[in-house]
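Structure data (PDB, C-alpha atoms and all ligand atoms) from entry_5.pdb:
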ATOM      1  CA  MET A   1     -73.563 -23.137   9.843
ATOM      2  CA  ALA A   2     -76.141 -22.702  12.587
ATOM      3  CA  ASP A   3     -75.337 -19.146  13.507
ATOM      4  CA  PRO A   4     -77.427 -17.306  16.052
ATOM      5  CA  ALA A   5     -79.491 -14.792  14.124
ATOM      6  CA  PRO A   6     -78.865 -11.169  15.105
ATOM      7  CA  LEU A   7     -82.164 -10.067  13.561
ATOM      8  CA  SER A   8     -85.440 -10.649  15.295
ATOM      9  CA  PRO A   9     -88.341 -12.150  13.361
ATOM     10  CA  VAL A  10     -91.124  -9.881  12.212
ATOM     11  CA  ARG A  11     -94.087 -10.395  14.491
ATOM     12  CA  SER A  12     -97.283  -9.940  12.595
ATOM     13  CA  ALA A  13    -100.802 -11.233  12.324
ATOM     14  CA  GLU A  14     -99.833 -13.333   9.313
ATOM     15  CA  GLN A  15    -100.720 -17.003   9.159
ATOM     16  CA  PRO A  16     -98.280 -19.597  10.464
ATOM     17  CA  PRO A  17     -95.910 -20.904   7.738
ATOM     18  CA  VAL A  18     -97.589 -24.310   7.624
ATOM     19  CA  GLU A  19    -100.975 -22.693   6.820
ATOM     20  CA  LYS A  20     -99.471 -20.490   4.141
ATOM     21  CA  PHE A  21     -97.874 -23.560   2.578
ATOM     22  CA  ARG A  22    -101.137 -25.507   2.720
ATOM     23  CA  GLU A  23    -102.847 -22.704   0.797
ATOM     24  CA  PHE A  24    -100.073 -22.563  -1.772
ATOM     25  CA  LEU A  25    -100.323 -26.328  -2.312
ATOM     26  CA  GLU A  26    -104.113 -26.257  -2.565
ATOM     27  CA  ILE A  27    -103.958 -23.730  -5.402
ATOM     28  CA  ARG A  28    -101.653 -26.152  -7.229
ATOM     29  CA  GLY A  29    -103.969 -29.052  -6.455
ATOM     30  CA  GLU A  30    -101.468 -30.662  -4.105
ATOM     31  CA  LYS A  31    -101.797 -31.867  -0.549
ATOM     32  CA  LEU A  32     -99.884 -31.019   2.597
ATOM     33  CA  THR A  33     -98.719 -34.553   3.294
ATOM     34  CA  GLU A  34     -97.414 -35.683   6.676
ATOM     35  CA  PRO A  35     -93.727 -35.682   5.609
ATOM     36  CA  ARG A  36     -94.156 -32.151   4.279
ATOM     37  CA  ARG A  37     -95.766 -31.038   7.518
ATOM     38  CA  VAL A  38     -92.894 -32.572   9.524
ATOM     39  CA  LEU A  39     -90.411 -30.853   7.257
ATOM     40  CA  ILE A  40     -91.900 -27.377   7.459
ATOM     41  CA  ARG A  41     -92.254 -27.586  11.266
ATOM     42  CA  HIS A  42     -88.633 -28.606  11.543
ATOM     43  CA  ILE A  43     -87.425 -25.854   9.200
ATOM     44  CA  PHE A  44     -89.395 -23.093  10.913
ATOM     45  CA  ASP A  45     -88.336 -24.178  14.388
ATOM     46  CA  SER A  46     -85.225 -21.999  14.294
ATOM     47  CA  HIS A  47     -83.717 -19.465  11.930
ATOM     48  CA  LYS A  48     -80.548 -20.669  10.252
ATOM     49  CA  HIS A  49     -78.828 -21.052   6.924
ATOM     50  CA  PHE A  50     -78.798 -24.647   5.789
ATOM     51  CA  ASP A  51     -78.380 -26.666   2.630
ATOM     52  CA  ALA A  52     -80.398 -29.676   1.532
ATOM     53  CA  ASP A  53     -77.853 -32.231   2.728
ATOM     54  CA  GLU A  54     -77.549 -30.603   6.148
ATOM     55  CA  LEU A  55     -81.318 -30.692   6.463
ATOM     56  CA  VAL A  56     -81.428 -34.379   5.547
ATOM     57  CA  ALA A  57     -78.728 -35.146   8.155
ATOM     58  CA  ASP A  58     -80.495 -32.978  10.722
ATOM     59  CA  LEU A  59     -83.823 -34.742  10.218
ATOM     60  CA  HIS A  60     -82.132 -38.099  10.419
ATOM     61  CA  GLU A  61     -80.502 -37.139  13.709
ATOM     62  CA  ALA A  62     -83.847 -35.970  15.079
ATOM     63  CA  GLY A  63     -85.237 -39.398  14.207
ATOM     64  CA  ARG A  64     -87.566 -38.068  11.526
ATOM     65  CA  ARG A  65     -88.037 -40.173   8.453
ATOM     66  CA  VAL A  66     -88.312 -37.954   5.412
ATOM     67  CA  SER A  67     -86.857 -39.152   2.118
ATOM     68  CA  ARG A  68     -84.175 -37.147   0.375
ATOM     69  CA  ALA A  69     -86.400 -36.749  -2.686
ATOM     70  CA  THR A  70     -89.178 -35.251  -0.528
ATOM     71  CA  VAL A  71     -86.697 -32.865   1.085
ATOM     72  CA  TYR A  72     -85.407 -31.615  -2.278
ATOM     73  CA  ARG A  73     -88.833 -31.255  -3.836
ATOM     74  CA  THR A  74     -90.351 -29.581  -0.762
ATOM     75  CA  LEU A  75     -87.462 -27.099  -0.526
ATOM     76  CA  ARG A  76     -88.159 -26.035  -4.130
ATOM     77  CA  LEU A  77     -91.849 -25.637  -3.348
ATOM     78  CA  LEU A  78     -91.130 -23.632  -0.192
ATOM     79  CA  VAL A  79     -89.015 -21.229  -2.250
ATOM     80  CA  GLU A  80     -91.785 -20.903  -4.845
ATOM     81  CA  ALA A  81     -94.303 -20.287  -2.082
ATOM     82  CA  GLY A  82     -92.160 -17.423  -0.771
ATOM     83  CA  LEU A  83     -91.516 -19.132   2.551
ATOM     84  CA  LEU A  84     -87.842 -19.830   1.999
ATOM     85  CA  ARG A  85     -85.171 -17.831   0.267
ATOM     86  CA  GLU A  86     -82.383 -19.377  -1.745
ATOM     87  CA  LEU A  87     -78.905 -18.177  -0.944
ATOM     88  CA  ARG A  88     -76.306 -18.859  -3.631
ATOM     89  CA  LEU A  89     -73.018 -19.142  -1.794
ATOM     90  CA  THR A  90     -69.700 -19.650  -3.543
ATOM     91  CA  ASN A  91     -69.753 -23.422  -3.370
ATOM     92  CA  ARG A  92     -73.334 -24.389  -2.589
ATOM     93  CA  THR A  93     -76.939 -23.300  -2.293
ATOM     94  CA  ALA A  94     -78.253 -22.599   1.177
ATOM     95  CA  TYR A  95     -81.783 -21.819   2.329
ATOM     96  CA  GLU A  96     -83.231 -19.631   5.040
ATOM     97  CA  HIS A  97     -86.600 -18.256   6.144
ATOM     98  CA  ASP A  98     -87.965 -15.474   4.050
ATOM     99  CA  TYR A  99     -91.515 -15.461   5.355
ATOM    100  CA  GLY A 100     -91.846 -13.491   8.595
ATOM    101  CA  TYR A 101     -88.173 -12.553   8.648
ATOM    102  CA  PRO A 102     -86.741  -9.077   7.962
ATOM    103  CA  SER A 103     -84.773  -8.578   4.753
ATOM    104  CA  HIS A 104     -81.036  -8.635   5.268
ATOM    105  CA  ASP A 105     -77.755  -9.396   3.547
ATOM    106  CA  HIS A 106     -74.865 -11.756   4.222
ATOM    107  CA  LEU A 107     -71.150 -12.159   4.657
ATOM    108  CA  HIS A 108     -69.839 -15.600   3.753
ATOM    109  CA  CYS A 109     -66.500 -16.881   5.026
ATOM    110  CA  THR A 110     -65.027 -19.038   2.261
ATOM    111  CA  GLU A 111     -62.704 -20.800   4.731
ATOM    112  CA  CYS A 112     -65.094 -22.051   7.419
ATOM    113  CA  ASN A 113     -68.367 -21.503   5.522
ATOM    114  CA  LYS A 114     -69.815 -19.339   8.276
ATOM    115  CA  VAL A 115     -72.665 -17.058   7.189
ATOM    116  CA  ILE A 116     -73.139 -13.758   9.012
ATOM    117  CA  GLU A 117     -76.275 -11.644   8.640
ATOM    118  CA  PHE A 118     -76.352  -7.879   8.575
ATOM    119  CA  ASN A 119     -78.835  -5.138   7.956
ATOM    120  CA  ASN A 120     -77.636  -1.948   6.337
ATOM    121  CA  GLU A 121     -79.913   0.892   5.344
ATOM    122  CA  GLU A 122     -77.395   2.153   2.775
ATOM    123  CA  VAL A 123     -77.629  -1.053   0.775
ATOM    124  CA  ARG A 124     -81.366  -0.526   0.454
ATOM    125  CA  ARG A 125     -80.882   3.125  -0.442
ATOM    126  CA  LEU A 126     -78.408   2.150  -3.145
ATOM    127  CA  ARG A 127     -80.886  -0.367  -4.536
ATOM    128  CA  GLU A 128     -83.542   2.321  -4.781
ATOM    129  CA  ALA A 129     -81.178   4.874  -6.327
ATOM    130  CA  VAL A 130     -79.884   2.453  -8.995
ATOM    131  CA  SER A 131     -83.410   1.240  -9.762
ATOM    132  CA  LEU A 132     -84.645   4.794 -10.131
ATOM    133  CA  GLN A 133     -81.814   5.551 -12.553
ATOM    134  CA  HIS A 134     -82.930   2.667 -14.733
ATOM    135  CA  GLY A 135     -86.649   3.230 -14.367
ATOM    136  CA  PHE A 136     -86.738  -0.112 -12.621
ATOM    137  CA  ARG A 137     -89.145  -1.182  -9.908
ATOM    138  CA  ALA A 138     -87.070  -3.188  -7.449
ATOM    139  CA  SER A 139     -88.653  -6.073  -5.594
ATOM    140  CA  GLY A 140     -85.479  -7.453  -4.042
ATOM    141  CA  HIS A 141     -81.754  -7.795  -4.359
ATOM    142  CA  ARG A 142     -78.856 -10.117  -3.615
ATOM    143  CA  PHE A 143     -75.772  -8.806  -1.931
ATOM    144  CA  LEU A 144     -73.211 -11.253  -0.660
ATOM    145  CA  ILE A 145     -69.814 -10.312   0.691
ATOM    146  CA  THR A 146     -67.320 -13.151   0.416
ATOM    147  CA  GLY A 147     -64.030 -13.269   2.270
ATOM    148  CA  VAL A 148     -62.401 -14.491   5.445
ATOM    149  CA  CYS A 149     -63.948 -14.122   8.915
ATOM    150  CA  PRO A 150     -61.915 -12.774  11.887
ATOM    151  CA  ALA A 151     -61.357 -16.213  13.423
ATOM    152  CA  CYS A 152     -60.040 -17.649  10.138
ATOM    153  CA  SER A 153     -57.884 -14.544   9.543
ATOM    154  CA  ARG A 154     -56.263 -14.996  12.930
ATOM    155  CA  ALA A 155     -55.661 -18.696  12.341
ATOM    156  CA  ARG A 156     -54.207 -17.923   8.925
ATOM    157  CA  SER A 157     -51.857 -15.160  10.053
ATOM    158  CA  SER A 158     -50.365 -17.130  12.908
ATOM    159  CA  PRO A 159     -50.098 -20.853  12.135
ATOM    160  CA  ARG A 160     -47.967 -21.236  15.238
ATOM    161  CA  ARG A 161     -50.778 -20.069  17.468
ATOM    162  CA  ARG A 162     -53.050 -22.611  15.834
ATOM    163  CA  LEU A 163     -50.542 -25.348  16.688
ATOM    164  CA  ASP A 164     -50.390 -24.091  20.273
ATOM    165  CA  LEU A 165     -54.093 -24.718  20.592
ATOM    166  CA  ILE A 166     -53.793 -28.405  19.724
TER     167      ILE A 166
HETATM  168 ZN    ZN A 201     -64.155 -18.329   8.830
HETATM  169 ZN    ZN A 202     -79.797 -14.757   6.460
END
Could you rewrite the structure in this file as structure tokens?
Amino acid sequence: MADPAPLSPVRSAEQPPVEKFREFLEIRGEKLTEPRRVLIRHIFDSHKHFDADELVADLHEAGRRVSRATVYRTLRLLVEAGLLRELRLTNRTAYEHDYGYPSHDHLHCTECNKVIEFNNEEVRRLREAVSLQHGFRASGHRFLITGVCPACSRARSSPRRRLDLI
């Protein structure tokens, strides 16, 4: 699931994610604990689409001790704080950076679970046009194309070739 991101992060004078999260927690009367700091550093190290279990496994592999409960609760808080975006895929919920990252949409391969990002001006134009029609002020949208990626299509259409590779 760790696809290289084709979109470059938005460079701006905004605060680093960890500072933004600290502020968010302070308003709620909560503290930025050490496990939470470890978690947010790890998450904002690279842009990818991940689910909670992958993150737990990833942290474990990196030798970082963060409990599963902390991971789940912190992910929810990061979404509320506007740092992460929830991505409802067909069979699971994934997360990705929202803060400091340009808005984009996704293609999801239901065979290999690969997530591909794309940016299309027409999607945004359509959002505005539909919103206008309904007197609606749009703040966001979800657009997910599900299907089969080229690699899986090839493997599917020629099972013999797949056997040749083994
Ligand atoms: Zn695929
Ligand atoms: Zn994405």
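Selecting all polymer residues at most 8 Å from ligand ZN 202 (chain A), using only C-alpha atoms and all ligand atoms, gives Ala5, Lys48, His49, Glu96, His97, His104, Asp105, His106, Val115, Ile116, Glu117 and Phe118 of chain A.
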**Report entry** Of the listed residues A:Thr33, A:Thr146, A:Thr110, A:Gln15, that which approaches ligand ZN 201 (chain A) most closely, counting all atoms listed in the file
**Finding:** A:Thr110
What do you get, as a compact mmCIF listing (two decimals) with C-alpha atoms, in the coordinates of the input, if you spell out every residue that the PyMOL selection byres (((not hetatm)) within 8 of (chain A and resi 201)) selects here?
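The resulting file, out36.txt, is reproduced below:
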# COMPACT_ATOMS: atom_id res chain seq x y z
CA CYS A 109 -66.50 -16.88 5.03
CA THR A 110 -65.03 -19.04 2.26
CA GLU A 111 -62.70 -20.80 4.73
CA CYS A 112 -65.09 -22.05 7.42
CA ASN A 113 -68.37 -21.50 5.52
CA LYS A 114 -69.82 -19.34 8.28
CA VAL A 148 -62.40 -14.49 5.44
CA CYS A 149 -63.95 -14.12 8.91
CA PRO A 150 -61.92 -12.77 11.89
CA ALA A 151 -61.36 -16.21 13.42
CA CYS A 152 -60.04 -17.65 10.14
CA SER A 153 -57.88 -14.54 9.54
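The residues returned by the PyMOL selection byres (((chain A and resi 122-127) around 12) and not hetatm) for this structure are A:Ser103, A:His104, A:Asp105, A:His106, A:Phe118, A:Asn119, A:Asn120, A:Glu121, A:Glu128, A:Ala129, A:Val130, A:Ser131, A:Leu132, A:Gln133, A:His134, A:Gly135, A:Phe136, A:Arg137, A:Ala138, A:Ser139, A:Gly140, A:His141, A:Arg142, A:Phe143, A:Leu144.
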Export of the given selection (C-alpha atoms) as a tab-separated table (two decimals), keeping the file's coordinate frame:
chain	number	residue	atom	x	y	z
A	103	SER	CA	-84.77	-8.58	4.75
A	104	HIS	CA	-81.04	-8.64	5.27
A	105	ASP	CA	-77.76	-9.40	3.55
A	106	HIS	CA	-74.86	-11.76	4.22
A	118	PHE	CA	-76.35	-7.88	8.57
A	119	ASN	CA	-78.83	-5.14	7.96
A	120	ASN	CA	-77.64	-1.95	6.34
A	121	GLU	CA	-79.91	0.89	5.34
A	128	GLU	CA	-83.54	2.32	-4.78
A	129	ALA	CA	-81.18	4.87	-6.33
A	130	VAL	CA	-79.88	2.45	-8.99
A	131	SER	CA	-83.41	1.24	-9.76
A	132	LEU	CA	-84.64	4.79	-10.13
A	133	GLN	CA	-81.81	5.55	-12.55
A	134	HIS	CA	-82.93	2.67	-14.73
A	135	GLY	CA	-86.65	3.23	-14.37
A	136	PHE	CA	-86.74	-0.11	-12.62
A	137	ARG	CA	-89.14	-1.18	-9.91
A	138	ALA	CA	-87.07	-3.19	-7.45
A	139	SER	CA	-88.65	-6.07	-5.59
A	140	GLY	CA	-85.48	-7.45	-4.04
A	141	HIS	CA	-81.75	-7.80	-4.36
A	142	ARG	CA	-78.86	-10.12	-3.62
A	143	PHE	CA	-75.77	-8.81	-1.93
A	144	LEU	CA	-73.21	-11.25	-0.66
Report task. Can you pull out every residue within 12 Å of Thr74 (chain A), counting only C-alpha atoms, but drop anything in the same chain fewer than 6 positions away, and send it as a PyMOL selection string? Result -> chain A and resi 21+25+30-40+43+52+55-56+66-68+80-81+83-84+95
Using only the atoms of region 17-35 of chain A listed in the file, plus 8 Å on each side, state the axis-aligned box centre and edge lengths in Å rounded to one decimal, as JSON.
{"center_x": -98.9, "center_y": -28.1, "center_z": 0.3, "size_x": 26.4, "size_y": 31.2, "size_z": 31.0}
Query raised in the report: Hey, can you check how far CA of Arg76 (chain A) sits from CA of Phe50 (chain A)?
Result: 13.7 Å
Query - Nearest residue to Asp98 (chain A) from the set A:Pro17, A:His42, A:Glu26, A:Arg156 (distances using all atoms listed in the file) - result: A:Pro17
Requested in this report: Just give me the gap between CA of Leu89 (chain A) and CA of Leu107 (chain A) in Å, one decimal is fine.
Outcome: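 A separation of 9.7 Å between them.
In terms of minimum interatomic distance to His47 (chain A), A:Leu7 ranks closest within A:Ile145, A:Leu87, A:Leu7, A:Val71, counting all atoms listed in the file.
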Report task. Enter the distance from CA of Ala94 (chain A) to CA of Asp51 (chain A), in Å, rounded to one decimal. Result -> 4.3 Å
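With only C-alpha atoms as the atoms that count, the residue of A:Arg28, A:Asp45, A:Leu59, A:Ser157 with the shortest distance to Leu77 (chain A) is A:Arg28.
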Query raised in the report: Closest to Leu75 (chain A) among A:Arg154, A:Asp53, A:Gly147, A:Pro16, using only C-alpha atoms?
Result: A:Asp53
